[in-house]
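Heads up, query_11.txt below (compact mmCIF, N, CA, C and O atoms):
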# COMPACT_ATOMS: atom_id res chain seq x y z
N MET A 1 -34.58 -8.50 -0.18
CA MET A 1 -34.12 -7.96 1.08
C MET A 1 -34.59 -8.90 2.18
O MET A 1 -35.67 -9.47 2.10
N GLU A 2 -33.75 -9.04 3.19
CA GLU A 2 -34.12 -9.85 4.33
C GLU A 2 -34.05 -9.02 5.61
O GLU A 2 -33.08 -8.31 5.84
N PHE A 3 -35.09 -9.11 6.39
CA PHE A 3 -35.13 -8.46 7.69
C PHE A 3 -35.13 -9.56 8.73
O PHE A 3 -35.99 -10.44 8.72
N LYS A 4 -34.16 -9.52 9.62
CA LYS A 4 -34.02 -10.55 10.64
C LYS A 4 -34.01 -9.92 12.02
O LYS A 4 -33.92 -8.72 12.16
N HIS A 5 -34.07 -10.76 13.02
CA HIS A 5 -33.97 -10.34 14.43
C HIS A 5 -35.11 -9.41 14.83
O HIS A 5 -34.92 -8.45 15.57
N GLY A 6 -36.32 -9.69 14.34
CA GLY A 6 -37.49 -8.91 14.71
C GLY A 6 -37.96 -9.24 16.11
O GLY A 6 -37.29 -9.96 16.87
N ALA A 7 -39.13 -8.73 16.45
CA ALA A 7 -39.71 -8.98 17.77
C ALA A 7 -39.86 -10.49 17.99
O ALA A 7 -40.12 -11.25 17.05
N HIS A 8 -39.68 -10.91 19.22
CA HIS A 8 -39.79 -12.33 19.54
C HIS A 8 -41.21 -12.81 19.26
O HIS A 8 -42.18 -12.15 19.59
N CYS A 9 -41.31 -13.94 18.62
CA CYS A 9 -42.59 -14.54 18.28
C CYS A 9 -43.01 -15.49 19.41
O CYS A 9 -42.16 -16.04 20.10
N TRP A 10 -44.27 -15.69 19.58
CA TRP A 10 -44.78 -16.55 20.64
C TRP A 10 -44.26 -17.98 20.49
O TRP A 10 -43.76 -18.37 19.45
N ALA A 11 -44.41 -18.72 21.52
CA ALA A 11 -43.99 -20.13 21.60
C ALA A 11 -42.49 -20.26 21.35
O ALA A 11 -41.71 -19.50 21.90
N THR A 12 -42.09 -21.17 20.49
CA THR A 12 -40.67 -21.43 20.26
C THR A 12 -40.23 -21.01 18.87
O THR A 12 -39.25 -21.53 18.34
N SER A 13 -40.94 -20.07 18.27
CA SER A 13 -40.64 -19.67 16.89
C SER A 13 -39.44 -18.74 16.77
O SER A 13 -38.93 -18.53 15.68
N GLY A 14 -39.00 -18.13 17.87
CA GLY A 14 -37.87 -17.21 17.81
C GLY A 14 -38.26 -15.86 17.26
O GLY A 14 -39.44 -15.50 17.23
N PRO A 15 -37.30 -15.07 16.78
CA PRO A 15 -37.60 -13.73 16.29
C PRO A 15 -38.30 -13.77 14.92
O PRO A 15 -38.11 -14.69 14.13
N ARG A 16 -39.11 -12.77 14.68
CA ARG A 16 -39.80 -12.66 13.39
C ARG A 16 -38.80 -12.31 12.29
O ARG A 16 -37.82 -11.61 12.52
N THR A 17 -39.08 -12.79 11.08
CA THR A 17 -38.27 -12.47 9.91
C THR A 17 -39.18 -12.14 8.74
O THR A 17 -40.35 -12.54 8.72
N CYS A 18 -38.65 -11.41 7.78
CA CYS A 18 -39.42 -11.07 6.58
C CYS A 18 -38.47 -10.99 5.39
O CYS A 18 -37.43 -10.33 5.45
N THR A 19 -38.85 -11.65 4.31
CA THR A 19 -38.12 -11.57 3.06
C THR A 19 -38.96 -10.73 2.10
O THR A 19 -40.14 -11.02 1.89
N VAL A 20 -38.36 -9.68 1.54
CA VAL A 20 -39.06 -8.77 0.64
C VAL A 20 -38.48 -8.91 -0.76
O VAL A 20 -37.27 -8.78 -0.95
N THR A 21 -39.34 -9.19 -1.72
CA THR A 21 -38.95 -9.27 -3.12
C THR A 21 -39.42 -8.00 -3.81
O THR A 21 -40.60 -7.64 -3.72
N LEU A 22 -38.50 -7.30 -4.47
CA LEU A 22 -38.83 -6.05 -5.16
C LEU A 22 -39.04 -6.32 -6.64
O LEU A 22 -38.29 -7.07 -7.26
N ARG A 23 -40.08 -5.69 -7.19
CA ARG A 23 -40.36 -5.76 -8.62
C ARG A 23 -40.46 -4.35 -9.17
O ARG A 23 -40.89 -3.43 -8.48
N CYS A 24 -40.11 -4.20 -10.41
CA CYS A 24 -40.21 -2.90 -11.07
C CYS A 24 -41.69 -2.52 -11.22
O CYS A 24 -42.51 -3.33 -11.62
N GLY A 25 -42.00 -1.28 -10.88
CA GLY A 25 -43.37 -0.76 -11.02
C GLY A 25 -43.38 0.75 -11.02
O GLY A 25 -42.39 1.38 -10.65
N LEU A 26 -44.49 1.33 -11.40
CA LEU A 26 -44.60 2.78 -11.52
C LEU A 26 -44.72 3.48 -10.17
O LEU A 26 -44.40 4.66 -10.05
N GLU A 27 -45.21 2.78 -9.15
CA GLU A 27 -45.37 3.38 -7.83
C GLU A 27 -45.02 2.37 -6.75
O GLU A 27 -44.94 1.17 -7.02
N ASN A 28 -44.80 2.85 -5.54
CA ASN A 28 -44.53 1.97 -4.40
C ASN A 28 -45.85 1.33 -3.98
O ASN A 28 -46.80 2.03 -3.64
N LYS A 29 -45.89 -0.01 -4.04
CA LYS A 29 -47.13 -0.70 -3.74
C LYS A 29 -46.82 -2.11 -3.23
O LYS A 29 -46.04 -2.83 -3.83
N VAL A 30 -47.44 -2.48 -2.11
CA VAL A 30 -47.32 -3.84 -1.60
C VAL A 30 -48.30 -4.70 -2.38
O VAL A 30 -49.51 -4.45 -2.39
N LEU A 31 -47.80 -5.74 -3.06
CA LEU A 31 -48.64 -6.61 -3.87
C LEU A 31 -49.12 -7.83 -3.10
O LEU A 31 -50.22 -8.33 -3.34
N ASP A 32 -48.30 -8.32 -2.17
CA ASP A 32 -48.67 -9.54 -1.46
C ASP A 32 -47.87 -9.66 -0.17
O ASP A 32 -46.72 -9.25 -0.11
N VAL A 33 -48.51 -10.19 0.86
CA VAL A 33 -47.86 -10.52 2.12
C VAL A 33 -48.35 -11.90 2.52
O VAL A 33 -49.55 -12.17 2.47
N ALA A 34 -47.43 -12.77 2.88
CA ALA A 34 -47.81 -14.13 3.27
C ALA A 34 -46.96 -14.58 4.45
O ALA A 34 -45.83 -14.13 4.62
N GLU A 35 -47.54 -15.45 5.25
CA GLU A 35 -46.83 -16.08 6.37
C GLU A 35 -46.77 -17.57 6.07
O GLU A 35 -47.69 -18.32 6.40
N HIS A 36 -45.70 -18.01 5.41
CA HIS A 36 -45.58 -19.41 4.99
C HIS A 36 -45.20 -20.33 6.14
O HIS A 36 -45.49 -21.51 6.11
N GLU A 37 -44.52 -19.78 7.11
CA GLU A 37 -44.20 -20.49 8.35
C GLU A 37 -44.52 -19.53 9.49
O GLU A 37 -44.56 -18.32 9.29
N THR A 38 -44.70 -20.06 10.68
CA THR A 38 -45.03 -19.23 11.83
C THR A 38 -43.99 -18.13 12.02
O THR A 38 -42.79 -18.42 12.13
N CYS A 39 -44.44 -16.89 11.95
CA CYS A 39 -43.62 -15.69 12.20
C CYS A 39 -42.51 -15.49 11.16
O CYS A 39 -41.55 -14.77 11.40
N LYS A 40 -42.64 -16.11 10.00
CA LYS A 40 -41.70 -15.92 8.89
C LYS A 40 -42.53 -15.43 7.71
O LYS A 40 -43.32 -16.18 7.13
N TYR A 41 -42.35 -14.16 7.38
CA TYR A 41 -43.20 -13.49 6.41
C TYR A 41 -42.47 -13.30 5.08
O TYR A 41 -41.24 -13.25 5.03
N ALA A 42 -43.26 -13.18 4.02
CA ALA A 42 -42.73 -12.88 2.69
C ALA A 42 -43.60 -11.79 2.09
O ALA A 42 -44.83 -11.84 2.18
N MET A 43 -42.96 -10.79 1.50
CA MET A 43 -43.68 -9.68 0.87
C MET A 43 -43.20 -9.51 -0.57
O MET A 43 -42.02 -9.73 -0.86
N ILE A 44 -44.12 -9.11 -1.43
CA ILE A 44 -43.76 -8.70 -2.78
C ILE A 44 -44.15 -7.24 -2.90
O ILE A 44 -45.30 -6.87 -2.65
N VAL A 45 -43.16 -6.40 -3.25
CA VAL A 45 -43.36 -4.95 -3.32
C VAL A 45 -42.97 -4.46 -4.70
O VAL A 45 -41.91 -4.82 -5.23
N GLU A 46 -43.83 -3.64 -5.28
CA GLU A 46 -43.55 -3.01 -6.57
C GLU A 46 -43.03 -1.61 -6.30
O GLU A 46 -43.60 -0.89 -5.47
N THR A 47 -41.95 -1.21 -6.98
CA THR A 47 -41.36 0.11 -6.75
C THR A 47 -40.53 0.55 -7.96
O THR A 47 -39.89 -0.29 -8.61
N PRO A 48 -40.50 1.85 -8.26
CA PRO A 48 -39.63 2.34 -9.32
C PRO A 48 -38.15 2.12 -9.00
O PRO A 48 -37.33 2.03 -9.91
N ALA A 49 -37.82 1.98 -7.73
CA ALA A 49 -36.42 1.78 -7.33
C ALA A 49 -35.86 0.46 -7.86
O ALA A 49 -34.65 0.30 -7.95
N ALA A 50 -36.73 -0.48 -8.23
CA ALA A 50 -36.27 -1.77 -8.74
C ALA A 50 -36.14 -1.78 -10.26
O ALA A 50 -35.75 -2.79 -10.83
N CYS A 51 -36.45 -0.66 -10.89
CA CYS A 51 -36.41 -0.60 -12.36
C CYS A 51 -35.00 -0.24 -12.85
O CYS A 51 -34.32 0.58 -12.25
N THR A 52 -34.62 -0.87 -13.94
CA THR A 52 -33.37 -0.52 -14.61
C THR A 52 -33.74 0.27 -15.86
O THR A 52 -34.90 0.28 -16.29
N GLN A 53 -32.78 0.91 -16.47
CA GLN A 53 -33.06 1.65 -17.69
C GLN A 53 -33.58 0.71 -18.77
O GLN A 53 -34.48 1.06 -19.53
N ALA A 54 -33.06 -0.50 -18.84
CA ALA A 54 -33.52 -1.48 -19.82
C ALA A 54 -35.00 -1.83 -19.60
O ALA A 54 -35.77 -1.95 -20.55
N THR A 55 -35.40 -1.98 -18.34
CA THR A 55 -36.79 -2.27 -18.02
C THR A 55 -37.69 -1.11 -18.43
O THR A 55 -38.77 -1.31 -18.99
N VAL A 56 -37.26 0.10 -18.16
CA VAL A 56 -38.03 1.29 -18.53
C VAL A 56 -38.16 1.38 -20.04
O VAL A 56 -39.26 1.62 -20.58
N ASP A 57 -37.07 1.18 -20.75
CA ASP A 57 -37.10 1.23 -22.22
C ASP A 57 -38.05 0.18 -22.79
O ASP A 57 -38.81 0.45 -23.72
N GLU A 58 -38.02 -1.01 -22.21
CA GLU A 58 -38.90 -2.09 -22.67
C GLU A 58 -40.37 -1.74 -22.44
O GLU A 58 -41.22 -1.95 -23.31
N ALA A 59 -40.68 -1.18 -21.27
CA ALA A 59 -42.06 -0.80 -20.96
C ALA A 59 -42.54 0.31 -21.90
O ALA A 59 -43.68 0.29 -22.37
N LEU A 60 -41.67 1.27 -22.18
CA LEU A 60 -42.05 2.35 -23.10
C LEU A 60 -42.29 1.82 -24.50
O LEU A 60 -43.23 2.24 -25.19
N ALA A 61 -41.47 0.88 -24.95
CA ALA A 61 -41.65 0.28 -26.28
C ALA A 61 -42.98 -0.48 -26.35
O ALA A 61 -43.70 -0.37 -27.35
N GLU A 62 -43.30 -1.22 -25.30
CA GLU A 62 -44.57 -1.95 -25.28
C GLU A 62 -45.75 -0.98 -25.31
O GLU A 62 -46.73 -1.21 -26.00
N GLN A 63 -45.64 0.11 -24.57
CA GLN A 63 -46.70 1.11 -24.53
C GLN A 63 -46.90 1.73 -25.90
O GLN A 63 -48.03 1.95 -26.33
N GLN A 64 -45.83 2.03 -26.60
CA GLN A 64 -45.92 2.63 -27.93
C GLN A 64 -46.58 1.67 -28.93
O GLN A 64 -47.32 2.09 -29.81
N MET A 65 -46.33 0.36 -28.78
CA MET A 65 -46.94 -0.63 -29.67
C MET A 65 -48.45 -0.71 -29.44
O MET A 65 -49.20 -1.01 -30.36
N LEU A 66 -48.90 -0.44 -28.23
CA LEU A 66 -50.33 -0.51 -27.91
C LEU A 66 -51.10 0.72 -28.36
O LEU A 66 -52.32 0.66 -28.47
N THR A 67 -50.39 1.81 -28.60
CA THR A 67 -51.09 3.04 -29.00
C THR A 67 -51.00 3.28 -30.49
O THR A 67 -50.34 2.70 -31.23
Representation of the structure as structure tokens:
Amino acid sequence: MEFKHGAHCWATSGPRTCTVTLRCGLENKVLDVAEHETCKYAMIVETPAACTQATVDEALAEQQMLT
């Protein structure tokens, strides 16, 4: 996901932006936030909303192998 046209950043950086990468996970959780360029942010978020049925089936199979 990309969020653009945020609040104006100081100096000549223009508006703030953020790119969010979603990963499959059991709960909503921010894993990482970084500012690689001035006022340009990147986030990695874990969420069940990013899971597909195939991902869920794979995780359940792995869990069964461990028990």
Could you name the residues that touch region 41-58 of chain A at 7 Å or less, counting only C-alpha atoms, but leaving out those on the same chain fewer than 6 positions away, as JSON, numbers by chain?
{"A": [17, 18, 19, 20, 21, 22, 23, 24, 25, 26, 27, 28, 29, 30, 31, 32, 33, 34, 35]}
Extract the full set of strand (DSSP E or B) residues from chain A according to DSSP on the backbone, and format it as a list in words.
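Strand (DSSP E or B) assignments inside chain A correspond to Glu2, Phe3, His8, Pro15, Thr17, Cys18, Thr19, Val20, Thr21, Leu22, Arg23, Cys24, Lys29, Val30, Leu31, Asp32, Val33, Ala34, Glu35, His36, Glu37, Lys40, Tyr41, Ala42, Met43, Ile44, Val45, Glu46 and Thr47 of chain A.
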Length of the CA of Ala7 (chain A) to atom O of Glu37 (chain A) vector [Å]
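Straight-line distance from CA of Ala7 (chain A) to atom O of Glu37 (chain A) works out to 13.5 Å.
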Just to confirm, what's the straight-line distance from atom N of Trp10 (chain A) to atom C of Lys40 (chain A) in Å (one decimal)?
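Result for atom N of Trp10 (chain A) versus atom C of Lys40 (chain A): 12.0 Å, one decimal.
Going from CA of Ser13 (chain A) to CA of His36 (chain A) covers 12.9 Å.
Those residues in chain A carrying a DSSP assignment of helix (DSSP H, G or I), computed from the backbone, are Pro48, Ala49, Ala50, Gln53, Ala54, Thr55, Val56, Asp57, Glu58, Ala59, Leu60, Ala61, Glu62, Gln63, Gln64, Met65 and Leu66 of chain A.
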Once 3 Å is added on each side, what are the centre and the three edge lengths, in Å to one decimal, of the axis-aligned box enclosing the listed atoms of region 5-9 of chain A? Present them as AutoDock Vina command-line options.
--center_x -38.5 --center_y -12.2 --center_z 16.6 --size_x 15.0 --size_y 13.6 --size_z 13.1
From the block you just saw, export region 16-50 of chain A: N, CA, C and O atoms, as a PDB file, in the first residue's frame.
ATOM      1  N   ARG A  16       5.000  14.126   2.907  1.00  0.00           N
ATOM      2  CA  ARG A  16       5.434  12.824   3.441  1.00  0.00           C
ATOM      3  C   ARG A  16       4.743  11.692   2.682  1.00  0.00           C
ATOM      4  O   ARG A  16       3.607  11.829   2.232  1.00  0.00           O
ATOM      5  N   THR A  17       5.447  10.565   2.555  1.00  0.00           N
ATOM      6  CA  THR A  17       4.886   9.374   1.934  1.00  0.00           C
ATOM      7  C   THR A  17       5.242   8.158   2.780  1.00  0.00           C
ATOM      8  O   THR A  17       6.204   8.184   3.556  1.00  0.00           O
ATOM      9  N   CYS A  18       4.462   7.104   2.624  1.00  0.00           N
ATOM     10  CA  CYS A  18       4.737   5.861   3.350  1.00  0.00           C
ATOM     11  C   CYS A  18       4.314   4.676   2.483  1.00  0.00           C
ATOM     12  O   CYS A  18       3.203   4.650   1.953  1.00  0.00           O
ATOM     13  N   THR A  19       5.206   3.712   2.359  1.00  0.00           N
ATOM     14  CA  THR A  19       4.901   2.466   1.676  1.00  0.00           C
ATOM     15  C   THR A  19       4.759   1.387   2.741  1.00  0.00           C
ATOM     16  O   THR A  19       5.658   1.211   3.572  1.00  0.00           O
ATOM     17  N   VAL A  20       3.629   0.677   2.733  1.00  0.00           N
ATOM     18  CA  VAL A  20       3.354  -0.355   3.729  1.00  0.00           C
ATOM     19  C   VAL A  20       3.334  -1.714   3.034  1.00  0.00           C
ATOM     20  O   VAL A  20       2.604  -1.910   2.065  1.00  0.00           O
ATOM     21  N   THR A  21       4.150  -2.628   3.534  1.00  0.00           N
ATOM     22  CA  THR A  21       4.178  -3.993   3.034  1.00  0.00           C
ATOM     23  C   THR A  21       3.448  -4.877   4.038  1.00  0.00           C
ATOM     24  O   THR A  21       3.767  -4.855   5.235  1.00  0.00           O
ATOM     25  N   LEU A  22       2.452  -5.627   3.570  1.00  0.00           N
ATOM     26  CA  LEU A  22       1.671  -6.501   4.439  1.00  0.00           C
ATOM     27  C   LEU A  22       2.187  -7.925   4.351  1.00  0.00           C
ATOM     28  O   LEU A  22       2.491  -8.416   3.265  1.00  0.00           O
ATOM     29  N   ARG A  23       2.278  -8.576   5.510  1.00  0.00           N
ATOM     30  CA  ARG A  23       2.664  -9.984   5.584  1.00  0.00           C
ATOM     31  C   ARG A  23       1.600 -10.736   6.361  1.00  0.00           C
ATOM     32  O   ARG A  23       0.970 -10.201   7.265  1.00  0.00           O
ATOM     33  N   CYS A  24       1.444 -11.986   6.031  1.00  0.00           N
ATOM     34  CA  CYS A  24       0.494 -12.836   6.738  1.00  0.00           C
ATOM     35  C   CYS A  24       0.970 -13.051   8.176  1.00  0.00           C
ATOM     36  O   CYS A  24       2.139 -13.330   8.416  1.00  0.00           O
ATOM     37  N   GLY A  25       0.056 -12.912   9.122  1.00  0.00           N
ATOM     38  CA  GLY A  25       0.370 -13.141  10.535  1.00  0.00           C
ATOM     39  C   GLY A  25      -0.893 -13.365  11.335  1.00  0.00           C
ATOM     40  O   GLY A  25      -1.998 -13.091  10.864  1.00  0.00           O
ATOM     41  N   LEU A  26      -0.742 -13.843  12.545  1.00  0.00           N
ATOM     42  CA  LEU A  26      -1.888 -14.175  13.393  1.00  0.00           C
ATOM     43  C   LEU A  26      -2.579 -12.948  13.977  1.00  0.00           C
ATOM     44  O   LEU A  26      -3.744 -13.010  14.338  1.00  0.00           O
ATOM     45  N   GLU A  27      -1.852 -11.842  14.116  1.00  0.00           N
ATOM     46  CA  GLU A  27      -2.436 -10.635  14.689  1.00  0.00           C
ATOM     47  C   GLU A  27      -1.909  -9.407  13.952  1.00  0.00           C
ATOM     48  O   GLU A  27      -0.913  -9.489  13.235  1.00  0.00           O
ATOM     49  N   ASN A  28      -2.574  -8.280  14.129  1.00  0.00           N
ATOM     50  CA  ASN A  28      -2.123  -7.023  13.540  1.00  0.00           C
ATOM     51  C   ASN A  28      -0.939  -6.517  14.356  1.00  0.00           C
ATOM     52  O   ASN A  28      -1.060  -6.299  15.560  1.00  0.00           O
ATOM     53  N   LYS A  29       0.216  -6.374  13.681  1.00  0.00           N
ATOM     54  CA  LYS A  29       1.415  -5.986  14.405  1.00  0.00           C
ATOM     55  C   LYS A  29       2.367  -5.265  13.450  1.00  0.00           C
ATOM     56  O   LYS A  29       2.634  -5.739  12.350  1.00  0.00           O
ATOM     57  N   VAL A  30       2.871  -4.112  13.880  1.00  0.00           N
ATOM     58  CA  VAL A  30       3.884  -3.399  13.108  1.00  0.00           C
ATOM     59  C   VAL A  30       5.227  -4.048  13.419  1.00  0.00           C
ATOM     60  O   VAL A  30       5.656  -4.105  14.573  1.00  0.00           O
ATOM     61  N   LEU A  31       5.909  -4.562  12.385  1.00  0.00           N
ATOM     62  CA  LEU A  31       7.188  -5.232  12.569  1.00  0.00           C
ATOM     63  C   LEU A  31       8.372  -4.295  12.409  1.00  0.00           C
ATOM     64  O   LEU A  31       9.397  -4.462  13.057  1.00  0.00           O
ATOM     65  N   ASP A  32       8.233  -3.292  11.536  1.00  0.00           N
ATOM     66  CA  ASP A  32       9.363  -2.409  11.271  1.00  0.00           C
ATOM     67  C   ASP A  32       8.877  -1.105  10.656  1.00  0.00           C
ATOM     68  O   ASP A  32       7.913  -1.097   9.894  1.00  0.00           O
ATOM     69  N   VAL A  33       9.538  -0.020  11.009  1.00  0.00           N
ATOM     70  CA  VAL A  33       9.308   1.287  10.396  1.00  0.00           C
ATOM     71  C   VAL A  33      10.681   1.885  10.122  1.00  0.00           C
ATOM     72  O   VAL A  33      11.550   1.865  10.992  1.00  0.00           O
ATOM     73  N   ALA A  34      10.877   2.379   8.916  1.00  0.00           N
ATOM     74  CA  ALA A  34      12.164   2.966   8.560  1.00  0.00           C
ATOM     75  C   ALA A  34      11.947   4.212   7.711  1.00  0.00           C
ATOM     76  O   ALA A  34      10.951   4.322   6.999  1.00  0.00           O
ATOM     77  N   GLU A  35      12.890   5.125   7.812  1.00  0.00           N
ATOM     78  CA  GLU A  35      12.897   6.334   6.985  1.00  0.00           C
ATOM     79  C   GLU A  35      14.159   6.271   6.129  1.00  0.00           C
ATOM     80  O   GLU A  35      15.230   6.699   6.538  1.00  0.00           O
ATOM     81  N   HIS A  36      14.039   5.691   4.925  1.00  0.00           N
ATOM     82  CA  HIS A  36      15.194   5.488   4.056  1.00  0.00           C
ATOM     83  C   HIS A  36      15.627   6.771   3.359  1.00  0.00           C
ATOM     84  O   HIS A  36      16.776   6.916   2.984  1.00  0.00           O
ATOM     85  N   GLU A  37      14.685   7.653   3.149  1.00  0.00           N
ATOM     86  CA  GLU A  37      14.953   8.991   2.623  1.00  0.00           C
ATOM     87  C   GLU A  37      14.186   9.966   3.496  1.00  0.00           C
ATOM     88  O   GLU A  37      13.212   9.589   4.147  1.00  0.00           O
ATOM     89  N   THR A  38      14.577  11.224   3.476  1.00  0.00           N
ATOM     90  CA  THR A  38      13.916  12.228   4.294  1.00  0.00           C
ATOM     91  C   THR A  38      12.420  12.261   4.006  1.00  0.00           C
ATOM     92  O   THR A  38      12.006  12.429   2.849  1.00  0.00           O
ATOM     93  N   CYS A  39      11.619  12.003   5.026  1.00  0.00           N
ATOM     94  CA  CYS A  39      10.151  12.068   4.983  1.00  0.00           C
ATOM     95  C   CYS A  39       9.518  11.022   4.061  1.00  0.00           C
ATOM     96  O   CYS A  39       8.380  11.160   3.641  1.00  0.00           O
ATOM     97  N   LYS A  40      10.254   9.974   3.736  1.00  0.00           N
ATOM     98  CA  LYS A  40       9.734   8.858   2.945  1.00  0.00           C
ATOM     99  C   LYS A  40       9.903   7.600   3.801  1.00  0.00           C
ATOM    100  O   LYS A  40      11.026   7.136   4.022  1.00  0.00           O
ATOM    101  N   TYR A  41       8.785   7.091   4.282  1.00  0.00           N
ATOM    102  CA  TYR A  41       8.799   6.017   5.264  1.00  0.00           C
ATOM    103  C   TYR A  41       8.416   4.681   4.629  1.00  0.00           C
ATOM    104  O   TYR A  41       7.727   4.636   3.616  1.00  0.00           O
ATOM    105  N   ALA A  42       8.864   3.614   5.268  1.00  0.00           N
ATOM    106  CA  ALA A  42       8.501   2.254   4.862  1.00  0.00           C
ATOM    107  C   ALA A  42       8.119   1.485   6.119  1.00  0.00           C
ATOM    108  O   ALA A  42       8.807   1.578   7.142  1.00  0.00           O
ATOM    109  N   MET A  43       7.009   0.764   6.049  1.00  0.00           N
ATOM    110  CA  MET A  43       6.542  -0.039   7.186  1.00  0.00           C
ATOM    111  C   MET A  43       6.325  -1.482   6.735  1.00  0.00           C
ATOM    112  O   MET A  43       5.920  -1.724   5.598  1.00  0.00           O
ATOM    113  N   ILE A  44       6.580  -2.402   7.652  1.00  0.00           N
ATOM    114  CA  ILE A  44       6.218  -3.795   7.438  1.00  0.00           C
ATOM    115  C   ILE A  44       5.212  -4.137   8.526  1.00  0.00           C
ATOM    116  O   ILE A  44       5.480  -3.956   9.718  1.00  0.00           O
ATOM    117  N   VAL A  45       4.027  -4.596   8.095  1.00  0.00           N
ATOM    118  CA  VAL A  45       2.923  -4.888   9.013  1.00  0.00           C
ATOM    119  C   VAL A  45       2.476  -6.329   8.818  1.00  0.00           C
ATOM    120  O   VAL A  45       2.282  -6.781   7.692  1.00  0.00           O
ATOM    121  N   GLU A  46       2.322  -7.033   9.931  1.00  0.00           N
ATOM    122  CA  GLU A  46       1.801  -8.400   9.904  1.00  0.00           C
ATOM    123  C   GLU A  46       0.312  -8.339  10.225  1.00  0.00           C
ATOM    124  O   GLU A  46      -0.089  -7.636  11.154  1.00  0.00           O
ATOM    125  N   THR A  47      -0.511  -9.064   9.463  1.00  0.00           N
ATOM    126  CA  THR A  47      -1.954  -9.029   9.668  1.00  0.00           C
ATOM    127  C   THR A  47      -2.619 -10.281   9.093  1.00  0.00           C
ATOM    128  O   THR A  47      -2.178 -10.793   8.050  1.00  0.00           O
ATOM    129  N   PRO A  48      -3.683 -10.776   9.722  1.00  0.00           N
ATOM    130  CA  PRO A  48      -4.428 -11.890   9.148  1.00  0.00           C
ATOM    131  C   PRO A  48      -5.068 -11.531   7.804  1.00  0.00           C
ATOM    132  O   PRO A  48      -5.319 -12.409   6.982  1.00  0.00           O
ATOM    133  N   ALA A  49      -5.289 -10.253   7.564  1.00  0.00           N
ATOM    134  CA  ALA A  49      -5.908  -9.813   6.308  1.00  0.00           C
ATOM    135  C   ALA A  49      -5.038 -10.130   5.097  1.00  0.00           C
ATOM    136  O   ALA A  49      -5.538 -10.184   3.977  1.00  0.00           O
ATOM    137  N   ALA A  50      -3.740 -10.356   5.306  1.00  0.00           N
ATOM    138  CA  ALA A  50      -2.840 -10.660   4.197  1.00  0.00           C
ATOM    139  C   ALA A  50      -2.712 -12.164   3.944  1.00  0.00           C
ATOM    140  O   ALA A  50      -1.997 -12.572   3.039  1.00  0.00           O
TER     141      ALA A  50
END
